[in-house]
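structure_39.pdb follows; it contains PDB, C-alpha atoms.
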ATOM      1  CA  MET A   1     159.785 -78.645  94.823
ATOM      2  CA  ILE A   2     159.691 -80.797  97.958
ATOM      3  CA  VAL A   3     159.117 -84.518  97.489
ATOM      4  CA  ALA A   4     157.899 -86.456 100.534
ATOM      5  CA  SER A   5     158.114 -90.230 100.680
ATOM      6  CA  ILE A   6     154.806 -91.508 102.062
ATOM      7  CA  PHE A   7     154.594 -94.978 103.587
ATOM      8  CA  GLY A   8     153.218 -96.906 106.559
ATOM      9  CA  GLY A   9     149.821 -96.563 108.211
ATOM     10  CA  LEU A  10     147.568 -93.519 108.371
ATOM     11  CA  GLY A  11     149.330 -91.880 111.339
ATOM     12  CA  ASN A  12     152.752 -92.237 109.711
ATOM     13  CA  GLN A  13     151.426 -90.851 106.435
ATOM     14  CA  MET A  14     150.107 -87.797 108.276
ATOM     15  CA  PHE A  15     153.480 -87.111 109.926
ATOM     16  CA  GLN A  16     155.328 -87.419 106.606
ATOM     17  CA  TYR A  17     152.826 -85.174 104.875
ATOM     18  CA  ALA A  18     152.953 -82.626 107.706
ATOM     19  CA  ALA A  19     156.755 -82.329 107.612
ATOM     20  CA  GLY A  20     156.801 -81.963 103.837
ATOM     21  CA  PHE A  21     153.920 -79.481 103.938
ATOM     22  CA  ALA A  22     155.694 -77.309 106.520
ATOM     23  CA  LEU A  23     158.949 -77.283 104.558
ATOM     24  CA  ALA A  24     157.196 -76.496 101.271
ATOM     25  CA  ASP A  25     155.239 -73.695 102.946
ATOM     26  CA  ARG A  26     158.414 -72.130 104.367
ATOM     27  CA  LEU A  27     160.154 -72.256 100.991
ATOM     28  CA  LYS A  28     157.029 -71.194  99.070
ATOM     29  CA  THR A  29     157.277 -74.157  96.753
ATOM     30  CA  HIS A  30     155.209 -77.212  95.801
ATOM     31  CA  LEU A  31     154.873 -80.429  97.792
ATOM     32  CA  ILE A  32     154.858 -83.616  95.724
ATOM     33  CA  LEU A  33     154.154 -87.041  97.211
ATOM     34  CA  ASP A  34     156.042 -90.220  96.352
ATOM     35  CA  LEU A  35     153.619 -93.141  96.829
ATOM     36  CA  SER A  36     155.793 -95.821  95.248
ATOM     37  CA  ALA A  37     156.075 -97.647  98.617
ATOM     38  CA  PHE A  38     152.443 -98.744  98.263
ATOM     39  CA  LYS A  39     153.033-100.474  94.922
ATOM     40  CA  CYS A  40     154.720-103.428  96.598
ATOM     41  CA  ARG A  41     152.322-106.371  96.938
ATOM     42  CA  ARG A  42     153.792-107.300 100.304
ATOM     43  CA  VAL A  43     152.832-103.933 101.803
ATOM     44  CA  PRO A  44     149.487-104.351 103.658
ATOM     45  CA  ARG A  45     148.899-100.589 103.962
ATOM     46  CA  LYS A  46     147.474 -98.256 101.373
ATOM     47  CA  TYR A  47     147.634 -94.530 100.789
ATOM     48  CA  ASP A  48     144.657 -92.911 102.514
ATOM     49  CA  LEU A  49     145.272 -89.180 102.792
ATOM     50  CA  ASP A  50     143.444 -88.112  99.630
ATOM     51  CA  ARG A  51     140.508 -90.440 100.392
ATOM     52  CA  LEU A  52     139.955 -89.058 103.875
ATOM     53  CA  PHE A  53     141.236 -85.492 103.947
ATOM     54  CA  CYS A  54     141.237 -82.293 101.937
ATOM     55  CA  VAL A  55     144.954 -82.551 101.127
ATOM     56  CA  ARG A  56     145.932 -80.583  98.023
ATOM     57  CA  SER A  57     149.398 -81.889  97.203
ATOM     58  CA  GLU A  58     150.124 -83.658  93.931
ATOM     59  CA  VAL A  59     151.211 -87.264  93.532
ATOM     60  CA  ALA A  60     154.511 -87.732  91.712
ATOM     61  CA  SER A  61     154.585 -89.828  88.559
ATOM     62  CA  ASP A  62     157.296 -92.433  87.993
ATOM     63  CA  SER A  63     158.771 -90.347  85.196
ATOM     64  CA  SER A  64     158.924 -87.164  87.295
ATOM     65  CA  LEU A  65     160.585 -89.056  90.165
ATOM     66  CA  LYS A  66     163.131 -90.552  87.799
ATOM     67  CA  GLU A  67     163.868 -87.101  86.402
ATOM     68  CA  PHE A  68     164.190 -85.647  89.901
ATOM     69  CA  LEU A  69     166.310 -88.423  91.447
ATOM     70  CA  GLY A  70     168.121 -89.828  88.416
ATOM     71  CA  TRP A  71     169.903 -93.145  89.073
ATOM     72  CA  ARG A  72     168.933 -92.892  92.729
ATOM     73  CA  LYS A  73     165.301 -93.686  91.826
ATOM     74  CA  ASN A  74     165.713 -97.356  92.582
ATOM     75  CA  LYS A  75     164.068 -99.503  95.303
ATOM     76  CA  LEU A  76     167.352-101.080  96.348
ATOM     77  CA  ALA A  77     169.142 -97.732  96.363
ATOM     78  CA  MET A  78     166.446 -96.188  98.562
ATOM     79  CA  ARG A  79     166.787 -98.987 101.102
ATOM     80  CA  VAL A  80     170.560 -98.608 101.106
ATOM     81  CA  PHE A  81     170.412 -94.814 101.477
ATOM     82  CA  ARG A  82     168.743 -95.171 104.869
ATOM     83  CA  ARG A  83     172.001 -96.479 106.315
ATOM     84  CA  PRO A  84     174.409 -93.846 107.711
ATOM     85  CA  PHE A  85     177.387 -95.454 105.952
ATOM     86  CA  PHE A  86     175.948 -94.494 102.551
ATOM     87  CA  THR A  87     175.295 -90.827 103.303
ATOM     88  CA  PHE A  88     177.788 -89.676 100.672
ATOM     89  CA  PHE A  89     175.920 -91.472  97.863
ATOM     90  CA  ARG A  90     172.601 -89.788  98.631
ATOM     91  CA  GLY A  91     173.665 -86.514  97.061
ATOM     92  CA  LYS A  92     172.173 -83.206  98.137
ATOM     93  CA  LYS A  93     168.638 -84.009  97.048
ATOM     94  CA  ILE A  94     167.926 -86.982  99.305
ATOM     95  CA  VAL A  95     167.428 -86.080 102.967
ATOM     96  CA  VAL A  96     167.097 -89.044 105.326
ATOM     97  CA  GLU A  97     165.843 -88.538 108.869
ATOM     98  CA  PRO A  98     169.013 -89.088 110.956
ATOM     99  CA  HIS A  99     167.282 -90.161 114.177
ATOM    100  CA  PHE A 100     163.844 -90.421 115.778
ATOM    101  CA  HIS A 101     163.966 -87.230 117.856
ATOM    102  CA  TYR A 102     163.659 -83.801 116.274
ATOM    103  CA  TRP A 103     166.443 -82.934 113.827
ATOM    104  CA  LYS A 104     167.314 -79.240 114.227
ATOM    105  CA  ASN A 105     168.875 -78.968 110.756
ATOM    106  CA  PHE A 106     165.454 -79.538 109.197
ATOM    107  CA  VAL A 107     164.803 -75.779 109.299
ATOM    108  CA  ASP A 108     167.914 -75.168 107.191
ATOM    109  CA  LEU A 109     166.863 -77.371 104.281
ATOM    110  CA  LEU A 110     166.566 -75.715 100.893
ATOM    111  CA  ASP A 111     164.337 -76.363  97.888
ATOM    112  CA  ASP A 112     164.482 -79.451  95.661
ATOM    113  CA  VAL A 113     164.893 -82.153  98.297
ATOM    114  CA  TYR A 114     163.432 -85.607  98.779
ATOM    115  CA  LEU A 115     162.345 -86.341 102.378
ATOM    116  CA  LEU A 116     162.706 -89.914 103.600
ATOM    117  CA  GLY A 117     161.740 -90.656 107.188
ATOM    118  CA  TYR A 118     158.958 -90.717 109.776
ATOM    119  CA  TRP A 119     159.363 -87.132 111.120
ATOM    120  CA  GLN A 120     157.302 -87.893 114.238
ATOM    121  CA  SER A 121     157.474 -84.622 116.113
ATOM    122  CA  GLU A 122     155.210 -81.585 116.157
ATOM    123  CA  LYS A 123     158.355 -79.457 116.029
ATOM    124  CA  TYR A 124     158.652 -80.144 112.301
ATOM    125  CA  PHE A 125     155.342 -78.436 111.583
ATOM    126  CA  SER A 126     154.506 -76.302 114.637
ATOM    127  CA  ASN A 127     154.712 -73.130 112.528
ATOM    128  CA  VAL A 128     151.858 -74.223 110.232
ATOM    129  CA  LYS A 129     149.396 -75.697 112.748
ATOM    130  CA  SER A 130     146.333 -73.815 111.513
ATOM    131  CA  LEU A 131     147.086 -74.513 107.846
ATOM    132  CA  LEU A 132     147.719 -78.169 108.537
ATOM    133  CA  ARG A 133     144.443 -78.562 110.409
ATOM    134  CA  LYS A 134     142.678 -77.410 107.241
ATOM    135  CA  GLU A 135     144.608 -79.984 105.215
ATOM    136  CA  PHE A 136     143.431 -82.665 107.640
ATOM    137  CA  GLU A 137     139.758 -81.723 107.503
ATOM    138  CA  TYR A 138     137.698 -84.769 106.593
ATOM    139  CA  CYS A 139     136.139 -84.829 103.149
ATOM    140  CA  LEU A 140     133.847 -87.796 103.917
ATOM    141  CA  ALA A 141     130.505 -87.449 105.663
ATOM    142  CA  MET A 142     130.440 -88.886 109.166
ATOM    143  CA  PRO A 143     128.333 -92.070 109.412
ATOM    144  CA  LEU A 144     125.129 -91.644 111.418
ATOM    145  CA  VAL A 145     126.212 -94.023 114.179
ATOM    146  CA  ASN A 146     129.321 -91.884 114.753
ATOM    147  CA  GLU A 147     127.327 -88.665 114.560
ATOM    148  CA  LYS A 148     125.215 -89.834 117.479
ATOM    149  CA  ILE A 149     128.313 -90.652 119.538
ATOM    150  CA  ALA A 150     129.902 -87.313 118.592
ATOM    151  CA  THR A 151     126.824 -85.468 119.854
ATOM    152  CA  GLN A 152     126.990 -87.436 123.108
ATOM    153  CA  MET A 153     130.708 -86.698 123.484
ATOM    154  CA  ASN A 154     130.085 -83.002 123.096
ATOM    155  CA  ALA A 155     127.518 -83.026 125.913
ATOM    156  CA  VAL A 156     129.817 -84.589 128.545
ATOM    157  CA  ASN A 157     133.427 -84.432 129.729
ATOM    158  CA  SER A 158     134.461 -87.027 127.200
ATOM    159  CA  VAL A 159     137.855 -88.749 127.332
ATOM    160  CA  SER A 160     139.154 -90.969 124.544
ATOM    161  CA  VAL A 161     141.219 -94.021 125.517
ATOM    162  CA  HIS A 162     143.146 -95.735 122.721
ATOM    163  CA  VAL A 163     144.327 -99.313 123.211
ATOM    164  CA  ARG A 164     146.724-100.226 120.397
ATOM    165  CA  ARG A 165     147.277-103.920 119.857
ATOM    166  CA  GLY A 166     146.964-105.496 116.395
ATOM    167  CA  ASP A 167     150.419-106.135 114.913
ATOM    168  CA  TYR A 168     151.958-104.802 118.131
ATOM    169  CA  VAL A 169     150.895-108.205 119.480
ATOM    170  CA  THR A 170     150.658-110.537 116.478
ATOM    171  CA  SER A 171     153.999-109.662 114.831
ATOM    172  CA  LYS A 172     157.082-110.699 116.803
ATOM    173  CA  ALA A 173     159.250-108.098 115.052
ATOM    174  CA  VAL A 174     156.783-105.266 115.646
ATOM    175  CA  HIS A 175     156.224-106.359 119.244
ATOM    176  CA  ARG A 176     159.975-106.305 119.921
ATOM    177  CA  MET A 177     160.076-102.760 118.570
ATOM    178  CA  HIS A 178     156.942-101.217 120.095
ATOM    179  CA  GLY A 179     155.550-103.461 122.789
ATOM    180  CA  VAL A 180     152.127-102.512 124.181
ATOM    181  CA  CYS A 181     151.019-100.128 126.906
ATOM    182  CA  SER A 182     150.461-101.895 130.204
ATOM    183  CA  LEU A 183     147.186-102.154 132.075
ATOM    184  CA  GLY A 184     148.880-100.100 134.783
ATOM    185  CA  TYR A 185     149.399 -97.261 132.317
ATOM    186  CA  TYR A 186     145.702 -97.146 131.481
ATOM    187  CA  ILE A 187     144.607 -97.379 135.113
ATOM    188  CA  ASP A 188     147.009 -94.587 136.142
ATOM    189  CA  SER A 189     145.890 -92.420 133.209
ATOM    190  CA  ILE A 190     142.206 -92.919 133.968
ATOM    191  CA  ASN A 191     142.822 -92.043 137.627
ATOM    192  CA  TYR A 192     144.847 -88.957 136.638
ATOM    193  CA  ILE A 193     141.976 -87.679 134.507
ATOM    194  CA  SER A 194     139.342 -88.577 137.100
ATOM    195  CA  GLU A 195     141.134 -86.507 139.743
ATOM    196  CA  ARG A 196     141.142 -83.419 137.521
ATOM    197  CA  VAL A 197     137.978 -83.632 135.394
ATOM    198  CA  THR A 198     134.445 -83.489 136.778
ATOM    199  CA  ASN A 199     132.314 -86.517 135.884
ATOM    200  CA  PRO A 200     134.461 -87.787 133.031
ATOM    201  CA  VAL A 201     133.059 -90.294 130.545
ATOM    202  CA  PHE A 202     135.647 -92.586 128.970
ATOM    203  CA  TYR A 203     135.309 -93.748 125.353
ATOM    204  CA  PHE A 204     137.476 -96.739 124.454
ATOM    205  CA  PHE A 205     138.906 -97.265 120.966
ATOM    206  CA  SER A 206     140.983-100.253 119.918
ATOM    207  CA  ASP A 207     141.905-102.571 117.067
ATOM    208  CA  ASP A 208     141.145-105.323 119.605
ATOM    209  CA  ILE A 209     138.144-103.888 121.399
ATOM    210  CA  GLU A 210     137.163-107.216 122.983
ATOM    211  CA  TRP A 211     140.537-107.416 124.713
ATOM    212  CA  ALA A 212     140.046-103.909 126.062
ATOM    213  CA  ARG A 213     136.509-104.723 127.187
ATOM    214  CA  ASN A 214     137.609-107.891 128.977
ATOM    215  CA  ASN A 215     140.823-106.623 130.561
ATOM    216  CA  ILE A 216     140.523-102.961 131.508
ATOM    217  CA  GLY A 217     138.531-102.663 134.698
ATOM    218  CA  ILE A 218     136.918 -99.263 135.138
ATOM    219  CA  ARG A 219     134.349 -97.939 137.609
ATOM    220  CA  GLN A 220     133.740 -94.613 135.868
ATOM    221  CA  ARG A 221     131.153 -94.145 133.124
ATOM    222  CA  HIS A 222     132.476 -95.549 129.889
ATOM    223  CA  LEU A 223     131.632 -96.864 126.445
ATOM    224  CA  PHE A 224     133.478 -99.156 124.038
ATOM    225  CA  ILE A 225     133.372 -98.034 120.395
ATOM    226  CA  ASP A 226     133.217-101.313 118.504
ATOM    227  CA  TYR A 227     131.930-100.623 115.005
ATOM    228  CA  ASN A 228     134.629 -98.763 113.026
ATOM    229  CA  TYR A 229     136.483-101.494 111.137
ATOM    230  CA  GLY A 230     138.505-101.853 107.945
ATOM    231  CA  GLU A 231     138.247 -98.827 105.657
ATOM    232  CA  ASN A 232     136.093 -97.099 108.260
ATOM    233  CA  SER A 233     138.598 -97.440 111.119
ATOM    234  CA  TYR A 234     139.718 -93.843 110.516
ATOM    235  CA  ASN A 235     136.469 -92.793 112.201
ATOM    236  CA  ASP A 236     138.032 -93.819 115.522
ATOM    237  CA  MET A 237     140.662 -91.106 115.035
ATOM    238  CA  ARG A 238     137.903 -88.704 114.037
ATOM    239  CA  LEU A 239     135.947 -89.386 117.218
ATOM    240  CA  MET A 240     139.059 -89.209 119.425
ATOM    241  CA  ALA A 241     139.624 -85.669 118.170
ATOM    242  CA  LEU A 242     136.078 -84.726 119.208
ATOM    243  CA  CYS A 243     136.601 -85.797 122.825
ATOM    244  CA  LYS A 244     137.452 -83.154 125.424
ATOM    245  CA  HIS A 245     140.531 -85.067 126.644
ATOM    246  CA  ASN A 246     142.672 -87.936 125.371
ATOM    247  CA  ILE A 247     144.608 -90.930 126.655
ATOM    248  CA  ILE A 248     146.729 -92.217 123.788
ATOM    249  CA  ALA A 249     148.765 -95.349 123.161
ATOM    250  CA  ASN A 250     152.313 -95.480 121.792
ATOM    251  CA  SER A 251     150.703 -95.043 118.404
ATOM    252  CA  SER A 252     150.784 -92.344 115.746
ATOM    253  CA  PHE A 253     147.087 -93.068 115.122
ATOM    254  CA  SER A 254     145.902 -91.857 118.520
ATOM    255  CA  TRP A 255     148.666 -89.211 118.563
ATOM    256  CA  TRP A 256     146.861 -87.500 115.697
ATOM    257  CA  GLY A 257     143.493 -88.013 117.345
ATOM    258  CA  ALA A 258     144.788 -86.023 120.317
ATOM    259  CA  TRP A 259     146.636 -83.415 118.234
ATOM    260  CA  LEU A 260     143.526 -82.657 116.147
ATOM    261  CA  ASN A 261     141.502 -82.129 119.340
ATOM    262  CA  ILE A 262     140.849 -78.365 119.368
ATOM    263  CA  ASN A 263     139.810 -78.124 123.043
ATOM    264  CA  LYS A 264     142.120 -75.466 124.503
ATOM    265  CA  GLU A 265     141.761 -76.977 127.977
ATOM    266  CA  LYS A 266     142.435 -80.551 126.902
ATOM    267  CA  ILE A 267     144.498 -82.964 128.980
ATOM    268  CA  VAL A 268     146.445 -85.401 126.830
ATOM    269  CA  ILE A 269     148.211 -88.340 128.453
ATOM    270  CA  ALA A 270     150.830 -90.325 126.547
ATOM    271  CA  PRO A 271     153.073 -93.224 127.600
ATOM    272  CA  LYS A 272     156.640 -92.458 128.661
ATOM    273  CA  ARG A 273     157.795 -95.600 126.903
ATOM    274  CA  TRP A 274     157.164 -95.214 123.178
ATOM    275  CA  PHE A 275     159.479 -98.062 122.116
ATOM    276  CA  CYS A 276     160.800-101.139 123.871
ATOM    277  CA  ASP A 277     164.354-100.002 123.116
ATOM    278  CA  SER A 278     165.090 -97.374 125.758
ATOM    279  CA  ARG A 279     168.080 -96.154 123.743
ATOM    280  CA  ILE A 280     165.763 -94.438 121.248
ATOM    281  CA  ASN A 281     165.298 -90.813 122.232
ATOM    282  CA  THR A 282     161.544 -90.103 122.299
ATOM    283  CA  ASP A 283     161.681 -86.747 124.092
ATOM    284  CA  ASP A 284     160.215 -84.913 121.093
ATOM    285  CA  VAL A 285     157.496 -87.355 120.076
ATOM    286  CA  CYS A 286     154.825 -85.483 122.084
ATOM    287  CA  PRO A 287     154.116 -81.758 122.486
ATOM    288  CA  GLU A 288     155.451 -80.344 125.751
ATOM    289  CA  SER A 289     151.955 -79.724 127.121
ATOM    290  CA  TRP A 290     151.092 -83.429 127.052
ATOM    291  CA  ILE A 291     151.525 -85.549 130.178
ATOM    292  CA  ARG A 292     153.829 -88.574 129.961
ATOM    293  CA  LEU A 293     153.009 -91.407 132.393
TER     294      LEU A 293
END
Here is a file; write its structure as structure tokens.
Amino acid sequence: MIVASIFGGLGNQMFQYAAGFALADRLKTHLILDLSAFKCRRVPRKYDLDRLFCVRSEVASDSSLKEFLGWRKNKLAMRVFRRPFFTFFRGKKIVVEPHFHYWKNFVDLLDDVYLLGYWQSEKYFSNVKSLLRKEFEYCLAMPLVNEKIATQMNAVNSVSVHVRRGDYVTSKAVHRMHGVCSLGYYIDSINYISERVTNPVFYFFSDDIEWARNNIGIRQRHLFIDYNYGENSYNDMRLMALCKHNIIANSSFSWWGAWLNINKEKIVIAPKRWFCDSRINTDDVCPESWIRL
């Protein structure tokens, strides 16, 4: 049995699920999800995978987690175990992601482990791409307004542009960690696509669409998608994946929109700077075929 700790927003949840799914598939065992992180009232996120996708993994009960982890099934203990100094106390069952870039020892893990981390690299699940795409097939009908846009996207050389702001701007702590992509990045990315794609049409997605509308100057044909909010915001990711090409932000949300794009000729542009802290190695955050600007 593989137990994956699921936390954070939708993009993070998908990475954590993908890593656990790939490991469970290799070991021919079951994947169980620990959703206890969402029980905290201070956590603004909620678990969304089973609402949106055709994921088949079970959710662990408190009793089964306590049986699996023993005394280590404790909120304080889990926070402490993240720190390198306490590696010895984790035991063999708890596996904590040691750093942001791909961890090569992941392929050597054996059964009966608890995965704690973000696991934000395709390298963790590159061997199960086709299976994972089936797991991430949407189980909800697409709203009519999005169906119309999807049909339009299919008829042109559509390019998604994701502008991530939200807590990247409003939270000082999050802003210090992530920052935001510059206007220069978007202008350079749009020009890069325009030089290589005939008559591109750019579709803008953002959690602050008015900012994008008022600040990103663009001469090419374009459209701002401004109606997927709240519980329906996942439809932005859904539409991104239906575009022919993608310009993503330093965001796991648009990362998955680009990764789920099945166009074999797609151009995906991602920012070189994923975090403000240049000491964090982000070499593995994007597939090698993607362009970093």
Which residues of range 125-169 of chain A sit at most 12 Å from range 18-21 of chain A, using all atoms listed in the file? Give each one's shortest atom pair and distance in Å (one decimal place), in chain and ascending residue order, as a Markdown table.
| residue | atom | partner | partner_atom | distance |
| --- | --- | --- | --- | --- |
| A:Phe125 | CA | A:Ala19 | CA | 5.7 |
| A:Ser126 | CA | A:Ala18 | CA | 9.5 |
| A:Asn127 | CA | A:Ala19 | CA | 10.6 |
| A:Val128 | CA | A:Phe21 | CA | 8.5 |
| A:Lys129 | CA | A:Ala18 | CA | 9.3 |
| A:Ser130 | CA | A:Ala18 | CA | 11.7 |
| A:Leu131 | CA | A:Phe21 | CA | 9.3 |
| A:Leu132 | CA | A:Ala18 | CA | 6.9 |
| A:Arg133 | CA | A:Ala18 | CA | 9.8 |
| A:Lys134 | CA | A:Ala18 | CA | 11.5 |
| A:Glu135 | CA | A:Ala18 | CA | 9.1 |
| A:Phe136 | CA | A:Ala18 | CA | 9.5 |
Please write as a ChimeraX atom specification the full residue list that the PyMOL selection byres ((chain A and resi 248) around 6) yields on this file. /A:162,247,249,254,270
Can you pull out every residue within 9 Å of range 33-41 of chain A, counting all atoms listed in the file, but drop anything in the same chain fewer than 6 positions away, and send it as a list in words?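 The contact residues come out as Ile2, Val3, Ala4, Ser5, Ile6, Phe7, Gly8, Tyr17, Gly20, Tyr47, Ser57, Glu58, Val59, Ala60, Ser61, Asp62, Leu65 and Lys75 of chain A.
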Exercise: range 214-228 of chain A partners within 7 Å, only C-alpha atoms, chain neighbours under 6 positions left out, as a ChimeraX atom specification: /A:183,201-205,235-236
Box along x, y and z, 8 Å on every side, all listed atoms of range 199-207 of chain A inside: centre and edge lengths in Å to one decimal, as lines of an AutoDock Vina configuration file.
center_x = 137.1
center_y = -94.5
center_z = 126.5
size_x = 25.6
size_y = 32.1
size_z = 34.8
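The closest residue to Leu140 in chain A, picked from A:Ala258, A:Ile291, A:Leu52, A:Ile280 and counting all atoms listed in the file, is A:Leu52.
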Determine the nearest neighbour of Pro200 in chain A from the options A:Cys243, A:Val174, A:Val169, A:Met237, counting only C-alpha atoms. A:Cys243
Please list as a VMD selection string every residue within 12 Å of Leu109 in chain A, counting all atoms listed in the file and excluding residues in the same chain fewer than 3 positions away. chain A and resid 1 to 2 19 to 20 22 to 24 26 to 27 92 to 96 103 to 106 112 to 115 124
What is the distance, in Å and to one decimal place, between CA of Thr282 in chain A and CA of His101 in chain A?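 Going from CA of Thr282 in chain A over to CA of His101 in chain A, I get 5.8 Å.
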Residue among A:Cys139, A:Ala150, A:Met240, A:Leu31 lying closest to Leu49 in chain A, counting only C-alpha atoms: A:Cys139
Please determine, counting only C-alpha atoms, which residue among A:Asn146, A:Asn261, A:Ile269, A:Cys286 has the shortest atom-to-atom distance to Asp188 in chain A.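 Of the candidates, the smallest distance to Asp188 in chain A is held by A:Ile269.
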One decimal, Å: what's the distance from CA of Ile262 in chain A over to CA of His245 in chain A, could you say?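 CA of Ile262 in chain A sits 9.9 Å away from CA of His245 in chain A.
Taking CA of Glu231 in chain A as the reference point, CA of His175 in chain A is found at 23.8 Å.
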Taking all atoms listed in the file into account, name the residue in A:Gly166, A:Gly11, A:Pro143, A:Gly179 that is nearest to Trp274 in chain A. A:Gly179
Because some atoms of range 171-186 of chain A are absent here, can you restore N, CA, C and O atoms and send them as a compact mmCIF listing (two decimals), keeping the file's coordinate frame?
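Saved the output as part-v6.txt:
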# COMPACT_ATOMS: atom_id res chain seq x y z
N SER A 171 152.71 -109.60 115.52
CA SER A 171 154.00 -109.66 114.83
C SER A 171 155.13 -109.62 115.85
O SER A 171 155.25 -108.65 116.62
N LYS A 172 155.98 -110.65 115.85
CA LYS A 172 157.08 -110.70 116.80
C LYS A 172 158.03 -109.52 116.60
O LYS A 172 158.51 -108.93 117.58
N ALA A 173 158.32 -109.19 115.34
CA ALA A 173 159.25 -108.10 115.05
C ALA A 173 158.69 -106.76 115.53
O ALA A 173 159.39 -105.95 116.14
N VAL A 174 157.41 -106.53 115.24
CA VAL A 174 156.78 -105.27 115.65
C VAL A 174 156.66 -105.20 117.16
O VAL A 174 156.87 -104.15 117.77
N HIS A 175 156.35 -106.33 117.79
CA HIS A 175 156.22 -106.36 119.24
C HIS A 175 157.56 -106.06 119.91
O HIS A 175 157.60 -105.33 120.92
N ARG A 176 158.65 -106.60 119.36
CA ARG A 176 159.98 -106.30 119.92
C ARG A 176 160.30 -104.82 119.82
O ARG A 176 161.00 -104.27 120.67
N MET A 177 159.79 -104.18 118.78
CA MET A 177 160.08 -102.76 118.57
C MET A 177 159.20 -101.86 119.45
O MET A 177 159.68 -100.97 120.14
N HIS A 178 157.89 -102.13 119.45
CA HIS A 178 156.94 -101.22 120.10
C HIS A 178 156.46 -101.70 121.46
O HIS A 178 156.25 -100.88 122.36
N GLY A 179 156.20 -103.00 121.58
CA GLY A 179 155.55 -103.46 122.79
C GLY A 179 154.12 -102.92 122.85
O GLY A 179 153.61 -102.36 121.88
N VAL A 180 153.47 -103.06 123.99
CA VAL A 180 152.13 -102.51 124.18
C VAL A 180 152.08 -101.79 125.53
O VAL A 180 152.84 -102.10 126.44
N CYS A 181 151.19 -100.84 125.63
CA CYS A 181 151.02 -100.13 126.91
C CYS A 181 150.42 -101.08 127.94
O CYS A 181 149.52 -101.87 127.64
N SER A 182 150.90 -100.99 129.15
CA SER A 182 150.46 -101.90 130.20
C SER A 182 149.09 -101.50 130.74
O SER A 182 148.62 -100.37 130.57
N LEU A 183 148.44 -102.46 131.40
CA LEU A 183 147.19 -102.15 132.07
C LEU A 183 147.40 -101.08 133.13
O LEU A 183 146.54 -100.21 133.34
N GLY A 184 148.56 -101.11 133.78
CA GLY A 184 148.88 -100.10 134.78
C GLY A 184 148.89 -98.70 134.20
O GLY A 184 148.45 -97.74 134.86
N TYR A 185 149.39 -98.58 132.97
CA TYR A 185 149.40 -97.26 132.32
C TYR A 185 147.98 -96.73 132.16
O TYR A 185 147.70 -95.56 132.45
N TYR A 186 147.07 -97.60 131.70
CA TYR A 186 145.70 -97.15 131.48
C TYR A 186 145.00 -96.83 132.80
O TYR A 186 144.27 -95.83 132.90
